[in-house]
>>> print(open('coords.tsv').read())   # TSV, C-alpha atoms
chain	number	residue	atom	x	y	z
A	26	THR	CA	0.00	0.00	0.00
A	27	PRO	CA	1.49	3.39	-1.03
A	28	SER	CA	2.37	5.63	1.79
A	29	LEU	CA	0.56	8.92	2.38
A	30	PRO	CA	3.31	11.04	0.76
A	31	GLU	CA	3.23	8.89	-2.35
A	32	GLN	CA	-0.56	9.16	-2.52
A	33	MET	CA	-0.30	12.93	-2.27
A	34	LEU	CA	2.27	12.99	-5.08
A	35	ASP	CA	0.03	10.86	-7.29
A	36	ALA	CA	-2.96	13.08	-6.60
A	37	GLY	CA	-0.89	16.19	-7.39
A	38	GLU	CA	0.34	14.68	-10.63
A	39	ARG	CA	-3.21	13.78	-11.69
A	40	LEU	CA	-4.38	17.25	-10.76
A	41	ARG	CA	-1.54	18.79	-12.77
A	42	ARG	CA	-2.36	16.67	-15.79
A	43	LEU	CA	-6.05	17.50	-15.51
A	44	ALA	CA	-5.30	21.22	-15.23
A	45	LEU	CA	-2.88	21.06	-18.18
A	46	SER	CA	-5.43	19.20	-20.30
A	47	SER	CA	-8.15	21.69	-19.41
A	48	PHE	CA	-5.80	24.63	-20.14
A	49	LEU	CA	-4.80	23.22	-23.53
A	50	THR	CA	-8.44	22.67	-24.44
A	51	GLN	CA	-9.44	26.18	-23.44
A	52	ALA	CA	-6.35	27.64	-25.09
A	53	GLY	CA	-7.14	25.82	-28.33
A	54	ILE	CA	-10.72	27.10	-28.27
A	55	ALA	CA	-9.53	30.63	-27.52
A	56	LEU	CA	-6.90	30.45	-30.27
A	57	ALA	CA	-9.49	29.27	-32.77
A	58	VAL	CA	-11.87	32.08	-31.78
A	59	VAL	CA	-9.09	34.68	-31.96
A	60	THR	CA	-7.92	33.36	-35.34
A	61	LEU	CA	-11.40	33.42	-36.83
A	62	SER	CA	-12.06	36.87	-35.37
A	63	ALA	CA	-8.75	38.18	-36.69
A	64	ALA	CA	-9.42	36.71	-40.13
A	65	PHE	CA	-12.89	38.21	-40.27
A	66	LEU	CA	-11.65	41.58	-38.99
A	67	GLY	CA	-8.75	41.56	-41.48
A	68	TRP	CA	-11.10	40.69	-44.34
A	69	TRP	CA	-13.47	43.47	-43.31
A	70	LEU	CA	-10.69	46.05	-42.92
A	71	ALA	CA	-9.05	45.03	-46.20
A	72	GLY	CA	-12.35	45.37	-48.03
A	73	ARG	CA	-12.99	48.76	-46.46
A	74	ILE	CA	-9.48	49.98	-47.27
A	75	LEU	CA	-9.45	48.62	-50.84
A	76	ARG	CA	-12.96	49.83	-51.66
A	77	PRO	CA	-11.67	53.14	-53.11
A	78	VAL	CA	-9.12	51.23	-55.16
A	79	ARG	CA	-11.87	49.03	-56.59
A	80	ALA	CA	-13.90	52.17	-57.33
A	81	ILE	CA	-10.95	53.64	-59.22
A	82	ALA	CA	-10.47	50.41	-61.19
A	83	ALA	CA	-14.20	50.16	-62.01
A	84	THR	CA	-14.30	53.79	-63.13
A	85	ALA	CA	-11.23	53.30	-65.31
A	86	GLN	CA	-12.85	50.29	-66.98
A	87	ARG	CA	-15.99	52.28	-67.79
A	88	LEU	CA	-14.08	55.21	-69.30
A	89	SER	CA	-13.49	55.50	-73.02
A	90	ALA	CA	-12.71	58.18	-75.59
A	91	ASP	CA	-16.44	58.85	-75.90
A	92	ASN	CA	-17.12	58.83	-72.16
A	93	LEU	CA	-14.73	60.83	-70.03
A	94	SER	CA	-17.29	62.64	-67.89
A	95	GLU	CA	-17.34	60.12	-65.03
A	96	ARG	CA	-15.08	60.77	-62.05
A	97	VAL	CA	-13.81	58.71	-59.12
A	98	PRO	CA	-15.72	59.44	-55.87
A	99	VAL	CA	-13.54	61.06	-53.22
A	100	ALA	CA	-14.56	59.87	-49.75
A	101	ALA	CA	-13.53	61.09	-46.31
A	102	PRO	CA	-11.17	61.07	-44.54
A	103	ALA	CA	-8.55	62.91	-46.55
A	104	ASP	CA	-5.97	60.13	-46.55
A	105	GLU	CA	-3.62	58.76	-49.21
A	106	LEU	CA	-6.43	57.01	-51.09
A	107	ALA	CA	-8.46	60.21	-51.21
A	108	ALA	CA	-5.38	62.00	-52.55
A	109	LEU	CA	-5.00	59.24	-55.17
A	110	ALA	CA	-8.64	59.64	-56.24
A	111	THR	CA	-8.19	63.42	-56.50
A	112	THR	CA	-5.07	62.94	-58.61
A	113	VAL	CA	-6.85	60.51	-60.93
A	114	ASN	CA	-9.76	62.95	-61.34
A	115	GLY	CA	-7.34	65.75	-62.19
A	116	MET	CA	-5.67	63.53	-64.79
A	117	LEU	CA	-9.07	62.72	-66.31
A	118	ASP	CA	-9.89	66.44	-66.46
A	119	ARG	CA	-6.68	67.13	-68.38
A	120	ILE	CA	-7.30	64.22	-70.76
A	121	GLN	CA	-10.87	65.40	-71.40
A	122	GLN	CA	-9.69	68.94	-72.09
A	123	GLY	CA	-6.96	67.64	-74.41
A	124	LEU	CA	-9.41	65.51	-76.39
A	125	HIS	CA	-11.86	68.40	-76.61
A	126	GLY	CA	-9.12	70.68	-77.90
A	127	GLN	CA	-7.99	68.04	-80.38
A	128	ARG	CA	-11.50	67.56	-81.74
A	129	LEU	CA	-12.01	71.32	-81.99
A	130	PHE	CA	-8.68	71.71	-83.76
A	131	THR	CA	-9.54	68.91	-86.21
A	132	ALA	CA	-12.92	70.48	-86.96
A	133	ASN	CA	-11.35	73.92	-87.49
A	134	ALA	CA	-8.62	72.50	-89.72
A	135	ALA	CA	-11.17	70.61	-91.81
A	136	HIS	CA	-13.24	73.77	-92.17
A	137	GLU	CA	-10.22	75.85	-93.20
A	138	LEU	CA	-9.25	73.27	-95.82
A	139	ARG	CA	-12.82	72.87	-97.09
A	140	THR	CA	-13.24	76.60	-97.78
A	141	PRO	CA	-10.58	76.79	-100.56
A	142	LEU	CA	-11.96	73.61	-102.12
A	143	ALA	CA	-15.42	75.16	-102.20
A	144	THR	CA	-13.92	78.28	-103.78
A	145	ILE	CA	-12.25	76.19	-106.47
A	146	ARG	CA	-15.41	74.25	-107.23
A	147	THR	CA	-17.53	77.41	-107.39
A	148	ALA	CA	-15.07	79.12	-109.72
A	149	VAL	CA	-15.00	76.11	-112.03
A	150	ASP	CA	-18.78	75.65	-112.04
A	151	VAL	CA	-19.51	79.33	-112.70
A	152	THR	CA	-16.92	79.55	-115.47
A	153	LEU	CA	-17.97	76.37	-117.24
A	154	ASP	CA	-21.69	77.24	-117.03
A	155	GLY	CA	-22.03	78.34	-120.61
A	156	ARG	CA	-19.37	79.26	-123.15
A	157	PRO	CA	-16.46	80.79	-121.24
A	158	GLU	CA	-14.31	83.41	-122.90
A	159	PRO	CA	-10.52	83.36	-122.57
A	160	ASP	CA	-10.74	86.14	-119.96
A	161	ASP	CA	-13.16	84.04	-117.94
A	162	LEU	CA	-10.78	81.07	-118.00
A	163	ILE	CA	-7.88	83.27	-116.95
A	164	ALA	CA	-9.90	84.68	-114.03
A	165	MET	CA	-10.89	81.17	-113.01
A	166	ALA	CA	-7.26	80.09	-113.12
A	167	HIS	CA	-6.30	82.96	-110.82
A	168	ASP	CA	-9.05	82.06	-108.36
A	169	VAL	CA	-8.00	78.41	-108.37
A	170	ARG	CA	-4.36	79.37	-107.86
A	171	ASP	CA	-5.19	81.66	-104.92
A	172	ALA	CA	-7.30	78.95	-103.29
A	173	ALA	CA	-4.54	76.39	-103.81
A	174	VAL	CA	-1.97	78.74	-102.26
A	175	ARG	CA	-4.22	79.25	-99.25
A	176	SER	CA	-4.61	75.49	-98.84
A	177	GLN	CA	-0.86	75.05	-99.12
A	178	HIS	CA	-0.26	77.68	-96.43
A	179	THR	CA	-2.72	75.96	-94.12
A	180	LEU	CA	-1.16	72.53	-94.70
A	181	ASP	CA	2.35	73.90	-94.20
A	182	GLY	CA	1.24	75.52	-90.95
A	183	LEU	CA	-0.39	72.31	-89.73
A	184	LEU	CA	2.71	70.30	-90.56
A	185	LEU	CA	5.00	72.76	-88.81
A	186	LEU	CA	2.69	72.90	-85.80
A	187	ALA	CA	2.78	69.10	-85.52
A	188	ARG	CA	6.57	69.08	-85.84
A	189	SER	CA	6.88	71.82	-83.23
A	190	GLN	CA	4.66	70.00	-80.76
A	191	ALA	CA	6.70	66.82	-81.31
A	192	GLY	CA	9.98	68.70	-80.81
A	193	ALA	CA	11.19	67.78	-84.29
A	194	GLY	CA	13.17	70.06	-86.57
A	195	GLY	CA	16.72	68.81	-86.52
A	196	PRO	CA	19.36	68.54	-83.78
A	197	ASP	CA	19.89	71.17	-81.11
A	198	ARG	CA	22.53	73.70	-82.11
A	199	PRO	CA	23.82	76.95	-80.60
A	200	ALA	CA	21.98	79.97	-81.97
A	201	ASP	CA	21.48	83.64	-81.21
A	202	LEU	CA	18.02	85.17	-81.12
A	203	ALA	CA	19.54	88.48	-82.23
A	204	GLY	CA	20.63	87.07	-85.59
A	205	ILE	CA	17.39	85.16	-86.02
A	206	ALA	CA	15.34	88.29	-85.32
A	207	ALA	CA	17.49	90.33	-87.74
A	208	ASP	CA	16.84	87.81	-90.52
A	209	ALA	CA	13.10	87.89	-89.77
A	210	LEU	CA	13.12	91.71	-89.96
A	211	ASP	CA	14.87	91.57	-93.32
A	212	ALA	CA	12.26	89.10	-94.62
A	213	ALA	CA	9.45	91.40	-93.46
A	214	GLY	CA	11.05	94.45	-95.09
A	215	PRO	CA	8.69	94.69	-98.10
A	216	ASP	CA	5.60	94.53	-95.91
A	217	VAL	CA	7.10	97.10	-93.53
A	218	THR	CA	7.70	99.47	-96.45
A	219	ALA	CA	4.24	98.89	-97.91
A	220	ARG	CA	2.57	99.78	-94.61
A	221	ALA	CA	4.96	102.65	-93.85
A	222	LEU	CA	5.77	101.19	-90.46
A	223	VAL	CA	8.42	102.49	-88.09
A	224	VAL	CA	10.70	99.69	-86.91
A	225	GLU	CA	12.86	100.05	-83.82
A	226	ALA	CA	15.34	97.22	-83.26
A	227	ALA	CA	17.57	96.73	-80.21
A	228	LEU	CA	19.21	93.37	-80.82
A	229	GLY	CA	21.54	92.38	-78.02
A	230	PRO	CA	23.16	88.95	-77.66
A	231	ALA	CA	20.65	86.27	-76.68
A	232	PRO	CA	22.33	82.85	-77.01
A	233	VAL	CA	20.14	79.75	-76.99
A	234	THR	CA	20.45	76.09	-77.86
A	235	GLY	CA	17.70	74.66	-80.00
A	236	ARG	CA	16.39	73.72	-83.42
A	237	SER	CA	17.23	76.49	-85.84
A	238	VAL	CA	14.31	75.81	-88.19
A	239	LEU	CA	11.77	76.13	-85.41
A	240	LEU	CA	13.42	79.16	-83.83
A	241	GLU	CA	13.49	80.94	-87.19
A	242	ARG	CA	9.79	80.23	-87.73
A	243	MET	CA	9.00	81.42	-84.20
A	244	ALA	CA	10.70	84.78	-84.76
A	245	GLY	CA	9.29	85.05	-88.29
A	246	ASN	CA	5.74	84.47	-87.07
A	247	LEU	CA	6.04	86.99	-84.24
A	248	ILE	CA	7.45	89.73	-86.44
A	249	GLY	CA	5.12	88.83	-89.32
A	250	ASN	CA	2.09	89.12	-87.05
A	251	ALA	CA	3.37	92.43	-85.67
A	252	VAL	CA	3.58	93.79	-89.23
A	253	ARG	CA	0.43	92.17	-90.63
A	254	HIS	CA	-1.89	93.15	-87.77
A	255	ASN	CA	-0.62	96.74	-87.57
A	256	HIS	CA	-2.18	99.89	-88.94
A	257	PRO	CA	-0.49	102.02	-91.62
A	258	GLY	CA	2.21	104.23	-90.12
A	259	GLY	CA	2.31	102.14	-86.95
A	260	ARG	CA	5.30	101.04	-84.93
A	261	VAL	CA	7.09	97.73	-84.40
A	262	GLU	CA	9.69	97.26	-81.67
A	263	VAL	CA	11.93	94.19	-81.68
A	264	SER	CA	14.48	93.58	-78.95
A	265	THR	CA	16.64	90.68	-77.83
A	266	GLY	CA	18.87	90.23	-74.83
A	267	THR	CA	19.23	88.47	-71.49
A	268	SER	CA	16.67	88.80	-68.71
A	269	ARG	CA	17.50	89.31	-65.04
A	270	ASP	CA	17.23	85.61	-64.31
A	271	GLY	CA	19.75	84.80	-67.05
A	272	ARG	CA	17.33	83.60	-69.72
A	273	SER	CA	17.53	84.68	-73.33
A	274	ARG	CA	14.65	86.92	-74.36
A	275	LEU	CA	12.92	87.96	-77.58
A	276	ARG	CA	10.37	90.75	-77.31
A	277	VAL	CA	8.12	92.04	-80.09
A	278	VAL	CA	5.84	95.05	-79.49
A	279	ASN	CA	3.49	96.46	-82.11
A	280	THR	CA	0.68	98.95	-82.43
A	281	GLY	CA	-2.68	97.90	-83.83
A	282	GLN	CA	-6.24	97.19	-82.81
A	283	VAL	CA	-7.26	97.17	-79.15
A	284	ILE	CA	-7.35	93.64	-77.71
A	285	ASP	CA	-9.41	92.69	-74.69
A	286	PRO	CA	-7.01	91.37	-72.00
A	287	GLY	CA	-9.54	88.67	-71.17
A	288	THR	CA	-9.34	87.22	-74.67
A	289	ALA	CA	-5.58	87.53	-75.20
A	290	ASP	CA	-4.96	83.85	-74.51
A	291	HIS	CA	-7.40	82.91	-77.29
A	292	LEU	CA	-4.87	84.31	-79.77
A	293	LEU	CA	-2.75	81.22	-79.07
A	294	GLU	CA	-5.47	78.92	-80.38
A	295	PRO	CA	-5.38	77.75	-84.01
A	296	PHE	CA	-7.33	79.71	-86.61
A	297	VAL	CA	-8.12	82.54	-84.18
A	298	ARG	CA	-7.26	86.23	-84.43
A	299	GLY	CA	-8.06	89.25	-82.28
A	300	GLU	CA	-11.22	89.21	-80.13
A	301	GLY	CA	-11.48	85.44	-80.54
A	302	ALA	CA	-12.81	85.59	-84.11
A	303	ARG	CA	-11.97	82.88	-86.61
A	304	VAL	CA	-9.64	83.79	-89.46
A	305	ARG	CA	-11.45	84.79	-92.63
A	306	GLY	CA	-9.91	86.15	-95.79
A	307	GLU	CA	-6.56	87.03	-94.24
A	308	THR	CA	-3.07	86.26	-95.38
A	309	GLY	CA	-1.36	83.49	-93.50
A	310	SER	CA	-2.74	80.24	-92.17
A	311	GLY	CA	-4.09	81.46	-88.83
A	312	LEU	CA	-1.60	79.23	-87.00
A	313	GLY	CA	1.13	81.80	-86.30
A	314	LEU	CA	0.91	82.14	-82.52
A	315	SER	CA	-0.06	78.47	-82.14
A	316	ILE	CA	3.22	77.54	-83.79
A	317	VAL	CA	5.06	80.07	-81.62
A	318	ARG	CA	3.62	78.51	-78.46
A	319	ALA	CA	4.51	74.99	-79.65
A	320	VAL	CA	8.11	76.05	-80.44
A	321	VAL	CA	8.49	77.78	-77.07
A	322	THR	CA	7.12	74.73	-75.26
A	323	ALA	CA	9.44	72.39	-77.18
A	324	HIS	CA	12.41	74.54	-76.04
A	325	HIS	CA	11.23	74.64	-72.40
A	326	GLY	CA	10.57	78.36	-72.52
A	327	THR	CA	7.76	80.71	-71.53
A	328	LEU	CA	5.48	82.87	-73.70
A	329	ARG	CA	3.66	85.95	-72.41
A	330	LEU	CA	1.10	88.08	-74.28
A	331	THR	CA	0.20	91.52	-72.94
A	332	PRO	CA	-2.37	93.67	-74.76
A	333	LEU	CA	-1.47	97.38	-74.80
A	334	PRO	CA	-4.02	99.96	-73.58
A	335	ASP	CA	-3.78	102.04	-76.77
A	336	GLY	CA	-3.92	99.01	-79.07
A	337	GLY	CA	-1.44	96.41	-80.14
A	338	LEU	CA	0.33	93.57	-78.41
A	339	ASP	CA	3.47	93.00	-76.36
A	340	VAL	CA	4.82	89.45	-76.85
A	341	THR	CA	7.75	88.21	-74.77
A	342	VAL	CA	9.53	84.88	-75.23
A	343	ASP	CA	12.01	83.63	-72.61
A	344	LEU	CA	14.16	80.62	-73.46
A	345	PRO	CA	16.91	78.88	-71.49
A	346	ALA	CA	20.23	80.50	-72.25
A	347	GLY	CA	22.73	78.51	-74.30
A	348	ALA	CA	26.38	78.72	-75.23
A	349	ALA	CA	27.47	81.87	-77.02
A	350	VAL	CA	27.67	81.56	-80.80
A	351	GLY	CA	31.13	82.14	-82.23
>>> encode(input="coords.tsv", output="structure tokens")
Amino acid sequence: TPSLPEQMLDAGERLRRLALSSFLTQAGIALAVVTLSAAFLGWWLAGRILRPVRAIAATAQRLSADNLSERVPVAAPADELAALATTVNGMLDRIQQGLHGQRLFTANAAHELRTPLATIRTAVDVTLDGRPEPDDLIAMAHDVRDAAVRSQHTLDGLLLLARSQAGAGGPDRPADLAGIAADALDAAGPDVTARALVVEAALGPAPVTGRSVLLERMAGNLIGNAVRHNHPGGRVEVSTGTSRDGRSRLRVVNTGQVIDPGTADHLLEPFVRGEGARVRGETGSGLGLSIVRAVVTAHHGTLRLTPLPDGGLDVTVDLPAGAAVG
């Protein structure tokens, strides 16, 4: 028969085993409950956190070129996901504006090209309606030639605008805006004389690095517009130099019609002239300042238009300075 101490040891051992078994059972149940609760809570939190991401993905799938009006909902609080949704909405706004501008530009270009074709067809139909005399045929030929020249100017402007926006036009080379502006003034000499304009030129060194073809067209368009949209006996001021912040500058100031400051930016749109009117019956393609803006953007510069109170326009182009031309 076991002694009393041995019986007490056996009872303690059984009690310890019973307590350990009960603890393991309760611990297993508690662990299972905690695991399931954690899994459910994690699933719920993940779904709540990723809900804005799914909304962004669903919105992106529903968008197309014909449907860009829908936007991602921005929910509180203002955390990183809300900032992401705001950024996506801003990107969609820019894309929608770009597509709208592209469609408007395409419609305007088609209209500008259709007008000379209609002129050619009308001239031919009117002349051939009956028995045309030699003088009638000669007049028709002149009308057809003028319409063809206008179409060619428009196509050349569209091509140059596309090249300017793409940054094409040859390799970057050192150039001086002073020499480029001087050449543009020489090219505009006959028109300056015909309009009896007063030209004031202050051409200081303005070195840049860029595509010569585009820079020459930029200066030619600015000076050509200053001459073309001036009144007889008006004034044209052309200056080049270096600004206070070290950038090379070309400035063209001209007299002319009064321009509303609120509509000055519309002059940078294709086929638009003063007061936001479409080009009709004017020389040029109506793309002058659009090409200037594209060239300035391609050269990482800035373009500023300031209407003058007494009429005319002050145009300033700032480009990054380049190495001096030898």
>>> atom_distance(input="coords.tsv", atom1="atom CA of Val97 of chain A", atom2="atom CA of Asn114 of chain A")
6.3 Å
>>> closest_residue(input="coords.tsv", among="A:Gly214, A:Pro77, A:Gly336, A:Gly204", to="Leu275 of chain A", atoms="all atoms listed in the file")
A:Gly204
>>> atom_distance(input="coords.tsv", atom1="atom CA of Val217 of chain A", atom2="atom CA of Val252 of chain A")
6.5 Å
>>> closest_residue(input="coords.tsv", among="A:Leu66, A:Ile74, A:Leu93, A:Val321", to="Arg236 of chain A", atoms="all atoms listed in the file")
A:Val321
>>> atom_distance(input="coords.tsv", atom1="atom CA of Arg119 of chain A", atom2="atom CA of Ser315 of chain A")
19.0 Å
>>> closest_residue(input="coords.tsv", among="A:Ala200, A:Val151, A:Leu312, A:Leu333", to="Ala187 of chain A", atoms="only C-alpha atoms")
A:Leu312
>>> closest_residue(input="coords.tsv", among="A:Arg175, A:His167, A:His324, A:Arg146", to="Gly347 of chain A", atoms="only C-alpha atoms")
A:His324
>>> closest_residue(input="coords.tsv", among="A:Val223, A:Ala107, A:Ala82, A:Ile120", to="Ser94 of chain A", atoms="all atoms listed in the file")
A:Ile120
>>> residues_around(input="coords.tsv", residues="Asp211 of chain A", least_positions_apart="3", cutoff="12 Å", atoms="all atoms listed in the file", output="PyMOL selection string")
chain A and resi 204-208+214-218+224+226+244-245+248-249
>>> axis_aligned_box(input="coords.tsv", around="segment 49-66 of chain A", padding_each_side="8 Å", output="AutoDock Vina command-line options")
--center_x -8.8 --center_y 32.1 --center_z -31.9 --size_x 24.1 --size_y 34.9 --size_z 32.8
>>> closest_atom_pairs(input="coords.tsv", of="segment 56-120 of chain A", to="segment 48-51 of chain A", cutoff="12 Å", atoms="all atoms listed in the file", output="CSV")
residue,atom,partner,partner_atom,distance
A:Leu56,CA,A:Gln51,CA,8.4
A:Ala57,CA,A:Gln51,CA,9.8
A:Val58,CA,A:Gln51,CA,10.5
>>> residues_around(input="coords.tsv", residues="segment 257-259 of chain A", least_positions_apart="4", cutoff="7 Å", atoms="all atoms listed in the file", output="MDAnalysis selection string")
chainID A and resid 220:223 280
>>> build_atoms(input="coords.tsv", residues="segment 35-56 of chain A", atoms="N, CA and C atoms", output="compact mmCIF listing (two decimals), keeping the file's coordinate frame")
# COMPACT_ATOMS: atom_id res chain seq x y z
N ASP A 35 0.84 11.34 -6.18
CA ASP A 35 0.03 10.86 -7.29
C ASP A 35 -1.18 11.76 -7.52
N ALA A 36 -1.80 12.19 -6.46
CA ALA A 36 -2.96 13.08 -6.60
C ALA A 36 -2.54 14.41 -7.22
N GLY A 37 -1.37 14.92 -6.81
CA GLY A 37 -0.89 16.19 -7.39
C GLY A 37 -0.57 16.04 -8.87
N GLU A 38 0.01 14.90 -9.22
CA GLU A 38 0.34 14.68 -10.63
C GLU A 38 -0.93 14.59 -11.48
N ARG A 39 -1.96 13.86 -10.95
CA ARG A 39 -3.21 13.78 -11.69
C ARG A 39 -3.87 15.15 -11.82
N LEU A 40 -3.78 15.91 -10.71
CA LEU A 40 -4.38 17.25 -10.76
C LEU A 40 -3.66 18.15 -11.78
N ARG A 41 -2.32 17.99 -11.81
CA ARG A 41 -1.54 18.79 -12.77
C ARG A 41 -1.90 18.41 -14.20
N ARG A 42 -2.01 17.11 -14.44
CA ARG A 42 -2.36 16.67 -15.79
C ARG A 42 -3.76 17.13 -16.17
N LEU A 43 -4.69 17.07 -15.23
CA LEU A 43 -6.05 17.50 -15.51
C LEU A 43 -6.09 19.00 -15.80
N ALA A 44 -5.33 19.76 -15.01
CA ALA A 44 -5.30 21.22 -15.23
C ALA A 44 -4.65 21.55 -16.57
N LEU A 45 -3.56 20.82 -16.91
CA LEU A 45 -2.88 21.06 -18.18
C LEU A 45 -3.79 20.70 -19.36
N SER A 46 -4.53 19.59 -19.23
CA SER A 46 -5.43 19.20 -20.30
C SER A 46 -6.55 20.22 -20.47
N SER A 47 -7.09 20.68 -19.32
CA SER A 47 -8.15 21.69 -19.41
C SER A 47 -7.62 22.99 -19.99
N PHE A 48 -6.39 23.38 -19.62
CA PHE A 48 -5.80 24.63 -20.14
C PHE A 48 -5.57 24.54 -21.65
N LEU A 49 -5.05 23.37 -22.10
CA LEU A 49 -4.80 23.22 -23.53
C LEU A 49 -6.10 23.25 -24.32
N THR A 50 -7.15 22.65 -23.75
CA THR A 50 -8.44 22.67 -24.44
C THR A 50 -8.98 24.09 -24.54
N GLN A 51 -8.94 24.81 -23.42
CA GLN A 51 -9.44 26.18 -23.44
C GLN A 51 -8.56 27.08 -24.31
N ALA A 52 -7.25 26.85 -24.25
CA ALA A 52 -6.35 27.64 -25.09
C ALA A 52 -6.59 27.38 -26.57
N GLY A 53 -6.85 26.12 -26.93
CA GLY A 53 -7.14 25.82 -28.33
C GLY A 53 -8.42 26.49 -28.79
N ILE A 54 -9.47 26.45 -27.90
CA ILE A 54 -10.72 27.10 -28.27
C ILE A 54 -10.50 28.61 -28.41
N ALA A 55 -9.78 29.19 -27.45
CA ALA A 55 -9.53 30.63 -27.52
C ALA A 55 -8.72 31.00 -28.76
N LEU A 56 -7.71 30.17 -29.09
CA LEU A 56 -6.90 30.45 -30.27
C LEU A 56 -7.73 30.37 -31.54
